[in-house]
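Trainee: Supplied structure: coords15.csv, CSV, C-alpha atoms and all ligand atoms.
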chain,number,residue,atom,x,y,z
A,1,MET,CA,119.0,106.6,93.1
A,2,ASN,CA,119.3,108.6,96.3
A,3,TYR,CA,117.1,111.4,97.5
A,4,THR,CA,119.3,114.1,96.0
A,5,GLU,CA,119.3,112.5,92.6
A,6,ILE,CA,115.6,111.9,92.6
A,7,LYS,CA,114.9,115.5,93.7
A,8,LYS,CA,117.2,116.8,90.9
A,9,LYS,CA,115.4,114.7,88.3
A,10,LEU,CA,111.9,115.7,89.5
A,11,LYS,CA,112.8,119.4,89.6
A,12,LYS,CA,113.6,119.1,85.9
A,13,THR,CA,110.3,117.5,85.0
A,14,GLN,CA,107.9,119.5,87.2
A,15,ASP,CA,107.0,123.1,87.1
A,16,LYS,CA,107.9,125.2,90.2
A,17,GLU,CA,104.4,125.0,91.8
A,18,ARG,CA,104.3,121.2,91.4
A,19,TYR,CA,107.8,120.8,92.8
A,20,GLU,CA,106.8,122.9,95.9
A,21,HIS,CA,103.7,120.7,96.3
A,22,THR,CA,105.8,117.6,95.9
A,23,LYS,CA,108.1,118.7,98.8
A,24,GLY,CA,105.1,119.6,100.8
A,25,VAL,CA,103.7,116.1,100.3
A,26,MET,CA,107.0,114.5,101.1
A,27,TYR,CA,107.4,116.3,104.5
A,28,THR,CA,103.7,115.9,105.4
A,29,ALA,CA,103.8,112.2,104.6
A,30,GLY,CA,106.9,111.9,106.9
A,31,CYS,CA,105.0,113.6,109.7
A,32,LEU,CA,102.0,111.4,109.3
A,33,ALA,CA,104.2,108.4,109.3
A,34,MET,CA,105.7,109.6,112.7
A,35,ALA,CA,102.2,110.1,114.1
A,36,HIS,CA,100.9,106.7,113.0
A,37,GLY,CA,104.0,104.5,113.6
A,38,TYR,CA,104.9,104.0,110.0
A,39,ASP,CA,108.4,103.9,108.3
A,40,VAL,CA,109.2,107.6,107.9
A,41,ASP,CA,111.7,107.3,105.1
A,42,LYS,CA,109.4,105.1,103.0
A,43,ALA,CA,106.5,107.5,103.4
A,44,MET,CA,108.8,110.5,102.4
A,45,LEU,CA,110.0,108.6,99.3
A,46,ALA,CA,106.5,107.8,98.3
A,47,GLY,CA,105.4,111.4,98.9
A,48,LEU,CA,108.4,112.7,96.9
A,49,LEU,CA,107.5,110.5,93.9
A,50,HIS,CA,103.7,110.5,94.0
A,51,ASP,CA,103.2,113.2,91.2
A,52,CYS,CA,106.3,112.2,89.1
A,53,ALA,CA,104.0,111.8,86.1
A,54,LYS,CA,101.9,114.8,86.7
A,55,CYS,CA,103.6,117.2,84.2
A,56,ILE,CA,103.6,114.9,81.2
A,57,PRO,CA,101.3,116.4,78.5
A,58,ASN,CA,97.9,114.6,78.3
A,59,GLU,CA,98.5,113.3,74.8
A,60,ASP,CA,101.8,111.7,75.9
A,61,LYS,CA,100.1,110.2,78.9
A,62,LEU,CA,97.7,108.3,76.6
A,63,THR,CA,100.6,107.3,74.4
A,64,LEU,CA,102.6,106.0,77.3
A,65,CYS,CA,99.7,104.0,78.6
A,66,ARG,CA,99.3,102.4,75.2
A,67,GLU,CA,103.0,101.6,75.0
A,68,HIS,CA,103.1,100.0,78.4
A,69,HIS,CA,99.7,98.2,78.2
A,70,ILE,CA,98.1,100.2,80.9
A,71,LEU,CA,94.4,99.9,80.8
A,72,VAL,CA,92.7,103.3,80.1
A,73,THR,CA,89.0,103.4,81.2
A,74,PRO,CA,86.5,105.7,79.3
A,75,ILE,CA,86.6,108.1,82.3
A,76,GLU,CA,90.3,108.2,82.2
A,77,ALA,CA,90.3,108.8,78.4
A,78,GLU,CA,87.9,111.7,79.1
A,79,ASN,CA,90.0,113.0,82.0
A,80,PRO,CA,93.6,112.0,81.1
A,81,PHE,CA,95.0,113.8,84.2
A,82,LEU,CA,93.7,110.9,86.2
A,83,LEU,CA,96.3,108.7,84.5
A,84,HIS,CA,99.2,110.4,86.3
A,85,ALA,CA,98.7,108.1,89.2
A,86,LYS,CA,99.0,104.8,87.3
A,87,LEU,CA,101.8,106.3,85.1
A,88,GLY,CA,103.5,107.7,88.2
A,89,ALA,CA,103.8,104.1,89.5
A,90,LEU,CA,105.3,103.0,86.2
A,91,LEU,CA,107.8,105.9,86.0
A,92,ALA,CA,108.8,105.5,89.7
A,93,GLU,CA,109.7,102.0,88.8
A,94,ILE,CA,111.4,102.4,85.4
A,95,GLU,CA,112.8,106.0,85.7
A,96,TYR,CA,113.5,106.3,89.4
A,97,ASP,CA,114.4,102.7,90.2
A,98,ILE,CA,111.8,102.1,92.9
A,99,SER,CA,111.1,98.4,93.4
A,100,ASP,CA,109.2,98.6,96.7
A,101,PRO,CA,105.6,97.4,95.8
A,102,GLU,CA,104.0,99.4,98.7
A,103,ILE,CA,105.5,102.6,97.4
A,104,LEU,CA,104.4,101.9,93.8
A,105,HIS,CA,100.9,100.9,95.0
A,106,ALA,CA,100.5,104.1,97.1
A,107,ILE,CA,101.5,106.2,94.0
A,108,LYS,CA,99.1,104.2,91.8
A,109,VAL,CA,96.0,104.8,94.0
A,110,HIS,CA,96.8,108.4,95.2
A,111,THR,CA,94.2,110.2,93.1
A,112,THR,CA,91.0,108.0,93.3
A,113,GLY,CA,92.0,106.0,96.3
A,114,GLU,CA,90.6,102.4,96.4
A,115,PRO,CA,88.5,100.5,99.0
A,116,ASP,CA,90.4,99.2,102.0
A,117,MET,CA,93.7,101.0,101.5
A,118,ASN,CA,96.9,100.1,103.5
A,119,THR,CA,98.6,102.6,105.8
A,120,LEU,CA,101.0,104.0,103.3
A,121,ASP,CA,98.2,104.4,100.7
A,122,LYS,CA,96.2,106.5,103.2
A,123,ILE,CA,99.3,108.5,104.3
A,124,ILE,CA,100.0,109.6,100.7
A,125,TYR,CA,96.4,110.2,99.8
A,126,ILE,CA,95.9,112.4,102.9
A,127,ALA,CA,99.3,114.2,102.7
A,128,ASP,CA,98.4,115.1,99.1
A,129,TYR,CA,95.3,116.8,100.3
A,130,ILE,CA,96.6,118.6,103.4
A,131,GLU,CA,100.2,119.6,102.6
A,132,PRO,CA,100.9,123.3,103.4
A,133,CYS,CA,100.6,124.6,99.8
A,134,ARG,CA,97.0,123.4,99.6
A,135,ASN,CA,94.6,126.0,100.8
A,136,LYS,CA,91.4,125.8,98.9
A,137,ALA,CA,89.7,122.6,100.2
A,138,PRO,CA,86.7,123.0,102.5
A,139,ASN,CA,87.0,121.8,106.1
A,140,LEU,CA,90.8,121.9,105.8
A,141,GLU,CA,91.4,122.7,109.4
A,142,LYS,CA,89.3,119.7,110.5
A,143,VAL,CA,90.8,117.4,107.9
A,144,ARG,CA,94.3,118.4,109.0
A,145,GLU,CA,93.4,117.6,112.6
A,146,LEU,CA,91.8,114.3,111.7
A,147,ALA,CA,94.9,113.3,109.7
A,148,PHE,CA,97.0,113.1,112.8
A,149,ARG,CA,94.2,111.4,114.9
A,150,ASP,CA,92.5,108.8,112.7
A,151,LEU,CA,93.5,108.0,109.1
A,152,ASN,CA,90.2,106.2,108.3
A,153,VAL,CA,87.9,109.0,109.6
A,154,CYS,CA,90.1,111.5,107.7
A,155,MET,CA,89.8,109.4,104.5
A,156,ALA,CA,86.0,109.5,104.9
A,157,GLN,CA,86.0,113.3,105.3
A,158,ILE,CA,88.2,113.9,102.3
A,159,LEU,CA,86.3,111.5,100.0
A,160,ARG,CA,83.0,113.1,101.1
A,161,ASP,CA,84.2,116.6,100.3
A,162,THR,CA,85.8,115.5,97.0
A,163,LEU,CA,82.6,113.9,95.8
A,164,ILE,CA,80.6,117.0,96.7
A,165,TYR,CA,83.2,119.1,94.8
A,166,LEU,CA,83.0,116.8,91.7
A,167,LYS,CA,79.2,116.7,91.8
A,168,SER,CA,79.1,120.4,91.8
A,169,GLY,CA,80.2,120.1,88.1
A,170,LYS,CA,84.0,120.0,88.5
A,171,GLY,CA,84.5,116.6,86.9
A,172,THR,CA,83.2,113.2,85.9
A,173,ILE,CA,83.3,110.9,88.9
A,174,ASP,CA,85.5,107.8,88.4
A,175,SER,CA,83.8,104.7,89.8
A,176,THR,CA,86.9,103.9,91.9
A,177,THR,CA,86.5,107.3,93.7
A,178,GLN,CA,82.8,106.4,94.4
A,179,LEU,CA,83.7,102.9,95.6
A,180,THR,CA,86.4,104.3,97.8
A,181,TYR,CA,83.9,106.6,99.4
A,182,GLU,CA,81.4,103.8,99.8
A,183,PHE,CA,84.1,101.9,101.8
A,184,TYR,CA,85.2,104.7,104.0
A,185,LYS,CA,81.7,106.0,104.7
A,186,GLN,CA,81.5,103.6,107.6
A,187,TYR,CA,84.1,105.8,109.4
A,188,GLU,CA,82.2,109.0,109.0
A,189,GLU,CA,82.2,110.8,112.3
A,190,ASP,CA,78.4,110.6,112.6
A,191,ASN,CA,78.6,106.8,112.3
A,192,ILE,CA,81.1,106.3,115.1
B,201,LIG,O1,97.9,115.6,91.5
B,201,LIG,P1,97.3,116.5,92.6
B,201,LIG,O2,96.6,117.7,92.0
B,201,LIG,O3,98.4,116.8,93.6
B,201,LIG,O4,96.3,115.7,93.4
B,201,LIG,P2,95.4,114.4,93.0
B,201,LIG,O5,96.2,113.4,92.2
B,201,LIG,O6,94.8,113.9,94.2
B,201,LIG,O7,94.3,115.0,92.1
B,201,LIG,C1,93.4,115.8,92.7
B,201,LIG,C2,92.3,116.1,91.8
B,201,LIG,O8,91.7,114.9,91.4
B,201,LIG,C3,91.2,116.9,92.5
B,201,LIG,O9,90.9,118.0,91.8
B,201,LIG,C4,90.0,115.9,92.6
B,201,LIG,C5,90.3,115.1,91.4
B,201,LIG,N1,89.6,113.8,91.4
B,201,LIG,C6,89.6,112.8,92.4
B,201,LIG,N2,88.8,111.8,92.1
B,201,LIG,C7,88.3,112.1,90.9
B,201,LIG,C8,88.8,113.4,90.5
B,201,LIG,N3,88.5,114.0,89.3
B,201,LIG,C9,87.6,113.4,88.5
B,201,LIG,N4,87.3,113.9,87.3
B,201,LIG,N5,87.1,112.2,88.8
B,201,LIG,C10,87.4,111.5,90.0
B,201,LIG,O10,86.8,110.5,90.3
B,202,FE,FE,98.4,113.6,92.0
B,203,FE,FE,99.8,115.6,94.5
Before we go any further, please render this structure as structure tokens.
Ligand code: DGI
Ligand code: FE
Ligand code: FE
Mentor:
Amino acid sequence: MNYTEIKKKLKKTQDKERYEHTKGVMYTAGCLAMAHGYDVDKAMLAGLLHDCAKCIPNEDKLTLCREHHILVTPIEAENPFLLHAKLGALLAEIEYDISDPEILHAIKVHTTGEPDMNTLDKIIYIADYIEPCRNKAPNLEKVRELAFRDLNVCMAQILRDTLIYLKSGKGTIDSTTQLTYEFYKQYEEDNI
């Protein structure tokens, strides 16, 4: 499938707001790739597809996981929206013909992250957080500046802010999110 076909299909499955966010992540991922010497096309493709499973109803997310033998942890069963990352990797492969393992992996880990992520993983995780439609996160100006300067320091800041947000009662913390923060904590600006 080419870009135009993928966009057309995504537009059908996503609501307007999500589609705008998707394009924002695609272009932001492309810019981050330019800044950090990564393959721009590949980053844009991963950005375009990262939320391809976001608009599936939660019940169907659980059913799809069962059908495709995707492990659902108790935290994911309680917060099925988390599954859109794992399911996104599956759909990117079977519905959008993506075979590049790096793209599929970046989609899979884009919500919780994971310790020691590769460059594309970090580009997508960060682009998702800073794309132009996002305007609610704290420290956004600082995070946007860090994104183009140092991916690891930027990861540390985003994870720190996300955990603070989740601990303020906005959601159960997945152990992977916690472990990801434990890994990137070493890059917190105070530690450098
Ligand atoms: O799909 P998007 O909204 O574009 O972005 P995303 O896939 O990064 O999801 C963002 C949300 O995920 C944000 O509100 C924080 C939340 N999140 C990240 N880690 C965890 C989490 N939510 C819960 N409950 N537990 C986590 O560990
Ligand atoms: Fe997402
Ligand atoms: Fe997203």
Trainee: Return as a list of chain:residue names every polymer residue, whether protein, DNA or RNA, with at least one atom no more than 10 Å from an atom of ligand FE 203 (chain B); count only C-alpha atoms and all ligand atoms.
Mentor: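 Counting only what the definition allows, namely only C-alpha atoms and all ligand atoms, the set is A:Arg18, A:Tyr19, A:His21, A:Thr22, A:Lys23, A:Gly24, A:Val25, A:Met26, A:Gly47, A:Leu48, A:Leu49, A:His50, A:Asp51, A:Cys52, A:Lys54, A:His84, A:Ala85, A:Ile107, A:His110, A:Thr111, A:Ile124, A:Tyr125, A:Ile126, A:Ala127, A:Asp128, A:Tyr129, A:Ile130, A:Glu131, A:Arg134.
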Trainee: Please report the interatomic distance between CA of Pro57 in chain A and atom O1 of ligand LIG 201 (chain B) in Å with one decimal.
Mentor: 13.5 Å
Trainee: Here is a test: counting all atoms listed in the file, which residue of A:Gln186, A:Thr176, A:Asn152, A:Ser168 is nearest to ligand LIG 201 (chain B)?
Mentor: A:Thr176
Trainee: Just how far from CA of Asp60 in chain A is atom N3 of ligand LIG 201 (chain B), in Å to one decimal?
Mentor: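 These atoms are spaced 19.0 Å apart.
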Trainee: If we count all atoms listed in the file, what is near Arg149 in chain A at a cut-off of 10 Å, once residues fewer than 6 positions away on the same chain are taken out, given as a list in words?
Mentor: Leu32, Ala35, His36 and Val143 of chain A
Trainee: Could you check which of A:Ile75, A:Leu64, A:Ala43, A:Ala89 is closest to ligand LIG 201 (chain B), using only C-alpha atoms and all ligand atoms?
Mentor: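 Of A:Ile75, A:Leu64, A:Ala43, A:Ala89, the one nearest ligand LIG 201 (chain B), counting only C-alpha atoms and all ligand atoms, is A:Ile75.
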Trainee: What gap, in Å, lies between CA of Ser175 in chain A and CA of Asn135 in chain A?
Mentor: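 That distance, rounded to one decimal, is 26.3 Å.
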Trainee: Need to verify the contact set: Glu95 in chain A, 12 Å, all atoms listed in the file, exclusion of same-chain residues closer than 4 positions in sequence. Can you return it as a list in words?
Mentor: Met1, Glu5, Ile6, Lys9, Leu10, Thr13, Leu49, Cys52, Ala53, Leu87, Gly88, Ala89, Leu90, Leu91 and Ser99 of chain A
Trainee: Determine the nearest neighbour of ligand FE 202 (chain B) from the options A:Lys185, A:Lys86, A:Lys122, A:His105, counting all atoms listed in the file.
Mentor: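 Between A:Lys185, A:Lys86, A:Lys122, A:His105, the residue approaching ligand FE 202 (chain B) most closely is A:Lys86.
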Trainee: Compare A:Thr112, A:Asn58, A:Thr177, A:Asn79 by their minimum atom-to-atom distance to ligand FE 202 (chain B), counting all atoms listed in the file, and give me the closest one.
Mentor: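 Comparing A:Thr112, A:Asn58, A:Thr177, A:Asn79 against ligand FE 202 (chain B), the winner is A:Thr112.
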Trainee: Got a sec to check which residues sit within 12 Å of (89.1, 104.5, 95.6), counting only C-alpha atoms, and write them as a ChimeraX atom specification?
Mentor: /A:106,108-118,121-122,125,155-156,158-160,162-163,173-185
Trainee: Which residue out of A:Lys142, A:Lys7, A:Cys65, A:Glu189 has the minimum interatomic distance to Met44 in chain A when only C-alpha atoms are used?
Mentor: A:Lys7
Trainee: Quick one: what's the axis-aligned box for range 103-106 of chain A, all listed atoms, 3 Å on every side, centre and edges in Å to one decimal, as lines of an AutoDock Vina configuration file?
Mentor:
center_x = 103.0
center_y = 102.5
center_z = 95.6
size_x = 11.0
size_y = 9.2
size_z = 9.6
Trainee: When distances are computed from only C-alpha atoms and all ligand atoms, which of A:His68, A:Lys16, A:Lys170, A:Lys8 shows the smallest separation from ligand LIG 201 (chain B)?
Mentor: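 Answer, going by the shortest atom-to-atom distance: A:Lys170.
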